[in-house]
Structure formats: structure tokens, C-alpha cells
Amino acid sequence: MNVRRWARDLAMGVRFTVTGGREGWTRAVLTAVGVGLGVALLLLTTALPNALTVRHERETARTDITFTDDRPAKGDGTLIVANVDTEFRDDSVRGRALEAEGPRAPLPPGVERFPAAGEMVVSPALKELLASDVGGLLRERLPERITGTIGESGLVGSQELAFYRGADGLAAHLDSGRIVRIDHFGDPDPGPPEQSDPVLLLLILVVFVVLLTPVAVFIATAVRFGGERRDRRLAALRLVGSDSGMTRRIAAGEAMAGAVLGLVFGAGFFLVGRQLAGTAEVFSVSVFPSYLDPSPLLALLVAVAVPAAAVLVTLFALRGVVIEPLGVVRTARPARRRLWWRLLPPVAGLAMLYPMVGQGRSQGDFNQYLVTGGVVLLLVGVTALLPWIVETVVARLGRGSVSWQLAVRRLQLSSGTAARMVNGIAVAVAGAIALQMLFAGVDDDYTRSTGKDVTQAQMEVSLPSEAPVAAAAAKFRETRGVEAVFSYSEGYVGDRRREPENSTTLTVGDCVSLREIAQLSSCRDGDVFAVRGAEWDAGVDVMAMAKARRTLYLDPSYEGGPKGLEAPWKVPSGVKEAAPRTGLLAGTDRGGFLITPKAVPAALAPGLEGHAYLRLDETVPDVHERVRNTAAAVHPLAYPMVWAATERSGRFDAVRTGLFVGAACVLALIGASLLVSQLEQLRERRKLLSALVAFGTRRRTLSLSVLWQTAVPIVLGLVLASAVGLTLGAVLMRMTNTPVAVDWIGVLSMTGIGAAVVLLVTLASLPPLLRLMRPEGLRTE
């Protein structure tokens with residue numbers, strides 16, 4: 001290969017693009033926009049590792065409440081921090097109450113000075129929410145005066161809801177698990193890294209491949225915009241003496257010019273999107289623009305790979321086109337596409353994935369190169385098979401209305417162009433179906449039952465010891481939407497002051513509440529019960545502990561743990577026996593001692609923590625917010641929780657959220673790229689449309705023909721995508737040793753989303769189509 005000849009011919013193609021007049025610039029801009037959208041998403045992907053790293057660093061730098069026994073003593077440089085997180089509708093609100101114990105107490109990152117009691121500093125997003133009409137209920141819960149905002153260094157995202165408020169008297173609640181004394185922020189010793197989960201790593205790898213492959217397909221499609229007109233222009237070059245090889249290289253140079261211009265557009269789109277990212281939140285994830293710094297090495301790889309891919313794709317596309325001095329032979333009946341080589345990519349992909357079938361978690365991590373190569377080849381197989389399928393099907397289509405015949409004839413003449421338009425959406429849908437199957441298949445492995453009966457109660461509120469449980473229960477009963485309240489005071493008792501051999505729970509409540517957690521033969525205020533045979537007390541002889549006049553100790557101390565109140569309690573005579581009730585409010589069958597209020601000595605009260613379990617009418621608007629507001633009014637440290645029957649692994653949810661965020665970005669790219677492609681196709685057919693209108697064809701007929709031209713390939717593409725997606729999903733499930741099951745609702749939803757995107761793009765292209773259907777379009781210069 002003569003390098004100088006290649007460089008000369010490519011440069012000539014670039015020059016034709018720049019000096020080719022309006023036609024050349026129009027094609028170059030359309031190509032640049034299509035390529036630029038893909039490049040912007042690729043740059044965003046290269047910036048993700050840095051964004052995740054910065055978010056993790058910010059989270060680590062502000063860490064305050066950690067599980068450690070090494071706590072500092074009170075001093076000039078100590079601070080008491082209380083976790084006062086809350087929620088507002090579907091959003092989490094990070095909250096901390098602060099009490100500085102000296103002038104050198106550490107300030108949280110992003111905070112300039114400590115708020116006094118009755119004051120708070122908030123994140124910009126929370127400040128905006130509190131000032132809006134929507135945040136009225138939250139404002140009732142956070143009545144403190146706002147004295148400042150938290151800086152970027154103290155937040156993990158631009159839309160994060162967070163606050164720090166001043167407090168007094170937190171020292172009395174130390175060692176409760178949610179209130180600690182610290183002398184610095186940050187977690188210098190995060191401990192050993194979590195053991196990697198092969199299935200989660202596989203999910204992450206497949207997510208990246210599935211999201212990026214459609215981007216590559218779109219870029220490859222964009223560099224071929226205006227292909228038919230370009231080929232007719234190249235025929236003129238043959239008249240002045242260029243050979244076929246030179247002609248192809250000049251065409252590749254034109255494509256490379258559009259791709260390079262696309263890099264510039266992509267950088268611009270990325271910079272605009274980077275700034276807009278600071279105002280956006282997708283699936284509760286937000287970032288600051290400064291987080292999105294692409295890796296220089298990966299950005300360089302994109303800058304080199306995109307123009308190179310443009311050259312290769314153009315040369316590959318022209319391999320079957322004979323450009324002669326008097327025209328393009330492609331206008332004749334093209335040769336039938338061959339099927340055999342189009343089956344090779346998906347077969348090779350399956351062959352790469354097959355060695356890992358049945359591996360599951362027990363045999364280490366999955367081979368990332370085989371996984372990446374296998375998934376890519378299967379998805380690329382969609383782009384190889386779809387043109388053959390479209391050509392084969394449309395060749396058999398015929399009779400119908402005028403609009404149908406116009407559409408079918410156009411598809412028969414240029415089935416490859418129609419297939420290219422929907423290649424990207426078909427690849428995206430195939431990958432989405434496979435991921436949907438895999439996520440649904442392994443969901444049970446990362447979901448566990450909480451043991452809570454959400455038919456009995458839907459919320460629980462933990463109350464500090466000084467909050468009167470009976471008064472709190474009365475306030476909750478007055479709250480709109482609360483149907484019933486079961487309140488208890490709870491603690492632990494042991495048979496020795498320190499290091500008890502036997503310990504169990506002690507629960508205080510009225511007879512109505514106690515019947516919800518145990519089977520009582522009879523009950524009146526003043527009774528004491530011992531529960532025999534509860535799962536909670538496995539290995540503990542509660543009846544032996546319940547002997548009359550025996551001394552037990554509330555809140556006994558353990559080695560390495562903080563010294564408790566250790567209040568003595570003499571077991572009264574006449575303790576009644578009760579049987580456990582499984583599930584219900586306890587989450588498991590609750591054992592130990594059950595005491596009615598009159599039987600509780602005053603000395604035990606400080607060592608008991610209150611709990612209220614609430615049954616709600618969830619048809620009442622914002623009932624959860626009303627309960628949270630009541631809890632805040634009862635005590636600033638009251639902690640309300642919404643019950644759920646199951647809970648999922650945080651790491652699994654993070655991967656799932658990442659998929660949703662990425663899918664939203666790819667869908668936006670799909671829609672924008674399809675619209676650009678559709679507009680390019682209409683521009684190519686401007687004279688034909690004008691001629692049809694001039695001969696009396698109705699605009700309604702032409703509009704329907706455009707709709708049919710889009711609908712037929714997309715239906716075929718979605719059918720193929722479903723088949724490939726189901727195949728890939730089944731293989732991935734077998735790799736994780738998960739029984740193969742098809743989530744048909746997920747499959748239909750993925751294909752429906754793909755079809756909806758194409759329908760929206762088609763509708764958006766109708767206004768420019770109507771403008772092109774004018775007789776004036778026949779005018780030429």
C-alpha cells in the first residue's frame with residue numbers, strides 16, 4: 001500500500017467536502033451531528049470512572065458515623081454528630097445534627113461555620129425545594145432557620161438533598177448507634193475491600209457492552225449519510241481519469257472529514273451536556289460538572305478510532321458498488337445478499353460464551369475478554385442479519401394501497417438504507433432484553449425477606465428513652481391517615497450485671513399492643529408475662545429467668561462494649577406464661593418478658609427505647625410525610641422507617657440504577673440520531689417527493705408511505721432483536737447457573753419502548769416532510 005497515495009486521495013476527499021458547496025457542507029454537517037452525538041456519549045462514558053471516583057472520595061471525606069469502638073474522649077476538638085436522615089416522597093434527605101464540644105471541633109466538608117441550635121445549613125437543591133410549594137410538608141419537618149449552603153466539597157451530587165443543623169444535649173444519647181463523638185471527618189481506614197461477586201461483575205461488564213455497542217453502530221451509520229448522492233458525484237471523478245481504488249479513497253476522505261467535524265461537534269455537545277449535568281438528576285443520581293473529566297487516554301482513543309472507523313466503514317460499504325464514468329451500477333437490480341457469512345458473528349459469539357456456561361459464582365470471575373467479545377459479536381450479528389431479513393421480506397411484499405406500494409417499492413430499491421436506520425435501535429433492544437432477563441433471573445439472589453408483615457403495619461418509629469411512648473402514640477393516632485398505633489418500650493435484660501450467661505428482650509406495652517406480638521390467655525394492666533418457646537430465645541430458658549424475686553439487669557454490659565445503665569429488676573411473683581406469635585409486628589416471634597405499664601419500675605424507664613408501629617391508610621395523600629412530620633414534632637431524634645416486605649442488596653441496586661441512567665442516555669441518543677437520519681433520507685428524496693406532488697399525489701398518501709417505510713423495517717428489526725435478546729439472555733442466565741425463564745412483560749416493554757422511540761421520531765419528521773412536498777422542490781440551478 002502506497003502511504004503517500006492514500007494520504008493524497010484522502011486529502012482530496014477532505015477538500016471536496018470543504019469546497020463542495022452547499023451540498024457538500026449539508027452532508028458534512030448531517031454526518032457531523034450524527035457522529036457528534038455518538039462521540040459525546042463516548043466521552044461521557046470515558047468520564048464515568050472519574051465521576052464515580054470523585055463521588056466516592058466526597059462520600060468518604062464526609063464520613064462521620066462509623067462502627068468502631070475507638071471513640072475519642074470529650075475535648076476541645078470533639079464534635080457530637082447525630083444521624084437525622086429523613087425522606088421526602090421518593091427522595092432521601094441526608095441530615096446531621098451537630099453539637100460542637102470545643103473551639104477546635106472539626107467542621108464538615110463544605111460548611112464554613114457550625115449552625116447554632118435552631119439554625120441549619122442546607123444543600124442548594126434542598127434550599128430550592130424548601131422554598132417551593134412542593135416542599136411545604138418537608139418545611140414543617142425542618143423548621144430551622146437557613147443560615148448558609150453546603151459547598152460542592154460537601155456534596156456527592158448537584159441535586160443531593162442534605163442539611164446540617166445545630167443541636168444541644170446530644171451527649172445524653174451517645175452510643176445509641178446513630179449518635180457518636182468524633183474528632184475528624186472522613187474514614188481513614190475503610191477496612192478490607194468487599195469480596196467481589198462474579199455475577200455482579202458480569203452484570204457490570206454486560207451493561208457497559210450493551211450500552212456502548214448501539215453507540216458504535218450509530219457512528220458507523222452516521223458516516224454513510226448521503227451515500228447515494230455521494231456515489232453519483234464520484235462517477236464524475238471517473239470521467240476525469242480516477243481509477244476505482246482512488247475513487248473509493250476519495251469517498252473515504254469525505255467520510256473522514258465528516259467524522260473529524262463530528263469529533264468537534266461531539267466535544268461541543270459533551271461540554272454543553274457537562275454543564276447541563278449539573279442541573280439534572282436521573283434515577284436519583286446527580287453529578288457536578290467538574291466530576292465529568294474524560295480520561296485523556298480514552299479520549300485520545302475515541303479521537304483516533306472514530307475517523308479510522310469512518311474510513312473503514314466507507315471502504316467496506318463501497319466494496320459491492322461499481323462506480324463507472326457514466327453512473328453507479330447500484331441503480332440496477334442488486335445481487336441478492338448472502339446469508340452464510342452473516343451467521344458467523346452470532347455463532348462465534350455463542351462459541352465464546354459457551355465455555356462459561358454453568359460457571360455460576362463457584363468458579364471465580366468470568367473471563368472478561370470472552371464475555372465482551374461474545375456479547376459484542378452477538379449484538380453485531382443483529383446488524384449483519386437485519387439487511388438480509390429486510391431484503392428477503394420486502395421482496396415478497398406487493399399489493400396494497402398507493403402509500404403501501406410506494407413504501408414497498410422504495411424499500412425494495414434501498415433495503416440496506418432502511419435496515420441501517422433501525423440497526424441501532426434493534427441492537428439496543430436486543431441488549432436490553434438480555435439484561436432484563438439476567439436481572440430478573442438473579443434478582444432473588446440479591447433480595448431477602450425482612451420478615452416484616454406489611455399487612456399489620458406499614459411504618460415504624462423509633463423513639464429515644466426520654467420521649468413518653470404513650471404521649472407519642474396519642475399524637476400518631478391524631479395524624480391523618482393513621483388507622484392504628486401499637487406502641488412498645490423495649491430493652492434487654494440479663495442474669496448478670498456484666499457478661500450475662502442468659503439474656504432476652506423486655507417489652508412494655510398495653511394489653512392491646514401485647515396481644516399483637518404474643519398469645520395471651522388474659523391480660524390486664526399490672527400483669528407480667530414470660531414467653532415460652534420463642535425463636536428469638538433459642539438456647540435461653542426464659543422460664544428459669546422468670547423465677548419470682550430473681551434479680552435481672554436491664555441493659556447489661558459486654559466485653560468491648562460501652563457500659564450500660566445496668567438497672568436491676570426483681571422479677572415479680574405471678575408471672576404468667578404466654579405463647580409466641582410468628583411474624584406480625586415482631587418480624588420474628590418475639591420472646592422474653594412482656595410487661596404492662598403499671599408493672600414497670602421507674603428505674604427501668606431510662607434504659608428502654610420506644611417503638612411505635614403504625615397501620616396506615618395509604619390512600620391518604622402524603623401519609624408517610626405526615627407521619628414523619630409528627631415524629632419530628634414528638635422528638636428531634638425520633639426515627640421513622642417505612643416497612644417493606646423485602647430488601648435488595650445495595651450493590652445490586654447500584655448496578656441496576658447505573659443501567660437505567662445509561663439506558664436513558666442511549667435512548668436519547670437513539671432518538672436524536674434516528675431523527676437526523678430520517679431528515680437526511682428526506683433531503684435525499686426531495687426532488688422525488690416534489691415530482692410526486694406535482695403529478696397530483698396527495699400529501700396524506702406520501703406521509704403514510706414514509707410511515708410504512710419506517711414501520712416495516714422496525715417491526716422486522718424488533719422481531720430479530722427479540723430473538724437475539726432472548727438467546728443472549730438465556731446464555732447469560734446459564735452462565736450464572738440460573739434457571740432460564742423468560743420475563744415476557746420485560747421483553748414486551750423493551751420492544752414497546754423501542755417502537756415508541758421510532759414512532760416519535762417519525763412524527764417529529766412529518767413537519768419537514770410537508771415542507772419538502774412542494775412543486776418548488778423541482779427547481780434546480
# chains A, B, ... in the order shown; residues from 1 in each chain; ligands from 1
>>> select_by_dssp(residues="region 315-469 of chain A", states="strand (DSSP E)", output="list in words")
Ile323, Glu324, Gly327, Val328, Thr447, Arg448, Ser449, Met459, Glu460, Val461, Ser462 and Leu463 of chain A
>>> select_by_dssp(residues="region 124-172 of chain A", states="helix (DSSP H, G or I)", output="tab-separated table (two decimals) with N, CA and C atoms, in the first residue's frame")
chain	number	residue	atom	x	y	z
A	124	PRO	N	-27.85	23.39	48.06
A	124	PRO	CA	-28.65	24.27	47.18
A	124	PRO	C	-29.95	23.62	46.71
A	125	ALA	N	-29.92	22.32	46.42
A	125	ALA	CA	-31.14	21.66	45.95
A	125	ALA	C	-32.20	21.61	47.05
A	126	LEU	N	-31.78	21.37	48.30
A	126	LEU	CA	-32.74	21.34	49.40
A	126	LEU	C	-33.29	22.73	49.67
A	127	LYS	N	-32.44	23.73	49.56
A	127	LYS	CA	-32.90	25.11	49.77
A	127	LYS	C	-33.97	25.46	48.74
A	128	GLU	N	-33.76	25.06	47.51
A	128	GLU	CA	-34.75	25.33	46.46
A	128	GLU	C	-36.03	24.57	46.73
A	129	LEU	N	-35.93	23.31	47.18
A	129	LEU	CA	-37.12	22.51	47.46
A	129	LEU	C	-37.91	23.10	48.62
A	130	LEU	N	-37.23	23.52	49.69
A	130	LEU	CA	-37.92	24.08	50.85
A	130	LEU	C	-38.63	25.39	50.51
A	131	ALA	N	-38.08	26.13	49.55
A	131	ALA	CA	-38.69	27.41	49.18
A	131	ALA	C	-39.85	27.24	48.21
A	136	GLY	N	-43.69	22.10	51.03
A	136	GLY	CA	-44.38	22.59	52.22
A	136	GLY	C	-44.37	21.60	53.37
A	137	LEU	N	-44.66	20.33	53.11
A	137	LEU	CA	-44.66	19.32	54.17
A	137	LEU	C	-43.26	19.10	54.74
A	138	LEU	N	-42.26	19.16	53.89
A	138	LEU	CA	-40.88	18.99	54.38
A	138	LEU	C	-40.47	20.18	55.23
A	139	ARG	N	-40.96	21.36	54.88
A	139	ARG	CA	-40.62	22.56	55.65
A	139	ARG	C	-41.15	22.46	57.09
A	140	GLU	N	-42.29	21.81	57.26
A	140	GLU	CA	-42.81	21.60	58.62
A	140	GLU	C	-41.85	20.74	59.45
A	141	ARG	N	-41.18	19.81	58.80
A	141	ARG	CA	-40.28	18.90	59.49
A	141	ARG	C	-38.92	19.54	59.76
A	152	GLU	N	-19.74	22.62	47.36
A	152	GLU	CA	-19.62	21.44	46.50
A	152	GLU	C	-18.78	20.35	47.13
A	153	SER	N	-17.76	20.72	47.92
A	153	SER	CA	-16.88	19.72	48.52
A	153	SER	C	-17.60	18.86	49.56
A	154	GLY	N	-18.78	19.28	50.00
A	154	GLY	CA	-19.51	18.52	51.00
A	154	GLY	C	-20.68	17.74	50.45
A	170	LEU	N	-26.99	16.37	72.91
A	170	LEU	CA	-26.79	15.09	72.23
A	170	LEU	C	-25.96	14.11	73.04
A	171	ALA	N	-25.14	14.62	73.98
A	171	ALA	CA	-24.24	13.73	74.74
A	171	ALA	C	-25.02	12.67	75.51
A	172	ALA	N	-26.25	12.98	75.91
A	172	ALA	CA	-27.03	12.01	76.68
A	172	ALA	C	-27.43	10.80	75.84
>>> residues_around(residues="region 45-53 of chain A", least_positions_apart="5", cutoff="9 Å", atoms="only C-alpha atoms", output="ChimeraX atom specification")
/A:40,58,208,212,287-288,290-296,298-299
>>> closest_residue(among="A:Val661, A:Ala605, A:Ile425, A:Ala741", to="Ala756 (chain A)", atoms="only C-alpha atoms")
A:Ile425
>>> residues_around(residues="Glu59 (chain A)", least_positions_apart="2", cutoff="12 Å", atoms="only C-alpha atoms", output="number ranges by chain")
A: 52-57, 61-65, 94, 108-109, 152-157, 160, 185-187, 190
>>> residues_around(residues="Met735 (chain A)", least_positions_apart="6", cutoff="8 Å", atoms="only C-alpha atoms", output="list of chain:residue names")
A:Met356, A:Val357, A:Gly358, A:Gln359, A:Gly360
>>> closest_residue(among="A:Thr221, A:Gln275, A:Thr507, A:Asn629", to="Arg480 (chain A)", atoms="only C-alpha atoms")
A:Asn629
>>> atom_distance(atom1="CA of Thr504 (chain A)", atom2="CA of Arg549 (chain A)")
17.3 Å
>>> atom_distance(atom1="CA of Gly746 (chain A)", atom2="CA of Gly373 (chain A)")
25.2 Å
>>> residues_around(residues="Leu732 (chain A)", least_positions_apart="5", cutoff="10 Å", atoms="only C-alpha atoms", output="list in words")
Val199, Leu202, Leu203, Val206, Leu353, Tyr354, Met356, Val357, Gly358, Gly360, Val371, Val375, Ala434, Leu435, Met437, Leu438, Gly441, Leu726, Thr727, Asn737, Thr738 and Val740 of chain A
>>> write_last_selection(atoms="C-alpha atoms", output="CSV table (one decimal), in the first residue's frame")
chain,number,residue,atom,x,y,z
A,199,VAL,CA,-22.3,-12.3,39.0
A,202,LEU,CA,-20.6,-9.9,34.9
A,203,LEU,CA,-23.7,-7.7,35.1
A,206,VAL,CA,-22.5,-6.7,30.1
A,353,LEU,CA,-19.7,-17.6,25.8
A,354,TYR,CA,-20.2,-21.4,25.8
A,356,MET,CA,-18.6,-20.3,30.8
A,357,VAL,CA,-22.0,-21.9,30.9
A,358,GLY,CA,-22.8,-23.3,34.3
A,360,GLY,CA,-22.1,-19.5,38.4
A,371,VAL,CA,-17.7,-12.1,27.8
A,375,VAL,CA,-21.7,-10.2,23.7
A,434,ALA,CA,-30.9,-9.9,27.5
A,435,LEU,CA,-30.1,-7.7,30.5
A,437,MET,CA,-33.8,-11.4,31.6
A,438,LEU,CA,-30.5,-11.6,33.5
A,441,GLY,CA,-33.2,-14.2,36.9
A,726,LEU,CA,-33.8,-14.0,24.3
A,727,THR,CA,-30.8,-16.1,23.1
A,737,ASN,CA,-26.2,-21.1,36.8
A,738,THR,CA,-29.7,-19.5,36.9
A,740,VAL,CA,-33.8,-19.9,32.3
>>> residues_around(residues="Val393 (chain A)", least_positions_apart="6", cutoff="12 Å", atoms="only C-alpha atoms", output="MDAnalysis selection string")
chainID A and resid 386:387 408 411:412 415 419 712:713 715:717
>>> write_last_selection(atoms="N, CA, C and O atoms", output="PDB file, in the first residue's frame")
ATOM      1  N   LEU A 386     -29.927  -8.141   9.839  1.00  0.00           N
ATOM      2  CA  LEU A 386     -31.105  -7.331   9.562  1.00  0.00           C
ATOM      3  C   LEU A 386     -31.223  -6.933   8.089  1.00  0.00           C
ATOM      4  O   LEU A 386     -32.330  -7.025   7.514  1.00  0.00           O
ATOM      5  N   PRO A 387     -30.148  -6.499   7.401  1.00  0.00           N
ATOM      6  CA  PRO A 387     -30.308  -6.169   5.975  1.00  0.00           C
ATOM      7  C   PRO A 387     -30.797  -7.357   5.146  1.00  0.00           C
ATOM      8  O   PRO A 387     -31.633  -7.182   4.240  1.00  0.00           O
ATOM      9  N   VAL A 408     -43.241   0.111  -0.232  1.00  0.00           N
ATOM     10  CA  VAL A 408     -42.631  -1.188  -0.539  1.00  0.00           C
ATOM     11  C   VAL A 408     -41.627  -1.049  -1.668  1.00  0.00           C
ATOM     12  O   VAL A 408     -40.521  -1.613  -1.615  1.00  0.00           O
ATOM     13  N   LEU A 411     -38.508   0.475  -0.401  1.00  0.00           N
ATOM     14  CA  LEU A 411     -37.755  -0.487   0.408  1.00  0.00           C
ATOM     15  C   LEU A 411     -37.076  -1.527  -0.467  1.00  0.00           C
ATOM     16  O   LEU A 411     -35.954  -1.969  -0.178  1.00  0.00           O
ATOM     17  N   GLN A 412     -37.746  -1.929  -1.548  1.00  0.00           N
ATOM     18  CA  GLN A 412     -37.128  -2.913  -2.433  1.00  0.00           C
ATOM     19  C   GLN A 412     -35.913  -2.341  -3.147  1.00  0.00           C
ATOM     20  O   GLN A 412     -34.951  -3.063  -3.416  1.00  0.00           O
ATOM     21  N   SER A 415     -33.196  -1.395   0.440  1.00  0.00           N
ATOM     22  CA  SER A 415     -33.447  -2.083   1.716  1.00  0.00           C
ATOM     23  C   SER A 415     -32.285  -1.895   2.686  1.00  0.00           C
ATOM     24  O   SER A 415     -32.467  -1.877   3.898  1.00  0.00           O
ATOM     25  N   ALA A 419     -32.526  -0.688   6.542  1.00  0.00           N
ATOM     26  CA  ALA A 419     -32.022  -1.514   7.643  1.00  0.00           C
ATOM     27  C   ALA A 419     -31.042  -0.734   8.502  1.00  0.00           C
ATOM     28  O   ALA A 419     -31.030  -0.873   9.725  1.00  0.00           O
ATOM     29  N   VAL A 712     -42.129  -0.965   8.564  1.00  0.00           N
ATOM     30  CA  VAL A 712     -41.762  -2.324   8.145  1.00  0.00           C
ATOM     31  C   VAL A 712     -40.381  -2.714   8.645  1.00  0.00           C
ATOM     32  O   VAL A 712     -40.208  -3.774   9.267  1.00  0.00           O
ATOM     33  N   PRO A 713     -39.331  -1.905   8.427  1.00  0.00           N
ATOM     34  CA  PRO A 713     -38.014  -2.298   8.948  1.00  0.00           C
ATOM     35  C   PRO A 713     -37.974  -2.379  10.471  1.00  0.00           C
ATOM     36  O   PRO A 713     -37.300  -3.261  11.023  1.00  0.00           O
ATOM     37  N   VAL A 715     -40.398  -3.184  12.553  1.00  0.00           N
ATOM     38  CA  VAL A 715     -41.050  -4.416  13.009  1.00  0.00           C
ATOM     39  C   VAL A 715     -40.113  -5.608  12.814  1.00  0.00           C
ATOM     40  O   VAL A 715     -39.931  -6.437  13.714  1.00  0.00           O
ATOM     41  N   LEU A 716     -39.499  -5.680  11.640  1.00  0.00           N
ATOM     42  CA  LEU A 716     -38.553  -6.773  11.390  1.00  0.00           C
ATOM     43  C   LEU A 716     -37.354  -6.681  12.332  1.00  0.00           C
ATOM     44  O   LEU A 716     -36.867  -7.696  12.851  1.00  0.00           O
ATOM     45  N   GLY A 717     -36.896  -5.460  12.568  1.00  0.00           N
ATOM     46  CA  GLY A 717     -35.759  -5.286  13.476  1.00  0.00           C
ATOM     47  C   GLY A 717     -36.081  -5.686  14.901  1.00  0.00           C
ATOM     48  O   GLY A 717     -35.258  -6.312  15.585  1.00  0.00           O
TER      49      GLY A 717
END
>>> atom_distance(atom1="CA of Ser677 (chain A)", atom2="CA of Pro767 (chain A)")
15.2 Å
>>> closest_atom_pairs(of="region 576-667 of chain A", to="region 541-544 of chain A", cutoff="9 Å", atoms="only C-alpha atoms", output="Markdown table")
| residue | atom | partner | partner_atom | distance |
| --- | --- | --- | --- | --- |
| A:Glu577 | CA | A:Met543 | CA | 8.3 |
| A:Gly591 | CA | A:Val542 | CA | 8.2 |
| A:Gly592 | CA | A:Val542 | CA | 6.3 |
| A:Phe593 | CA | A:Val542 | CA | 8.2 |
>>> closest_residue(among="A:Leu637, A:Arg338, A:Gly451, A:Asp527", to="Ala467 (chain A)", atoms="only C-alpha atoms")
A:Leu637
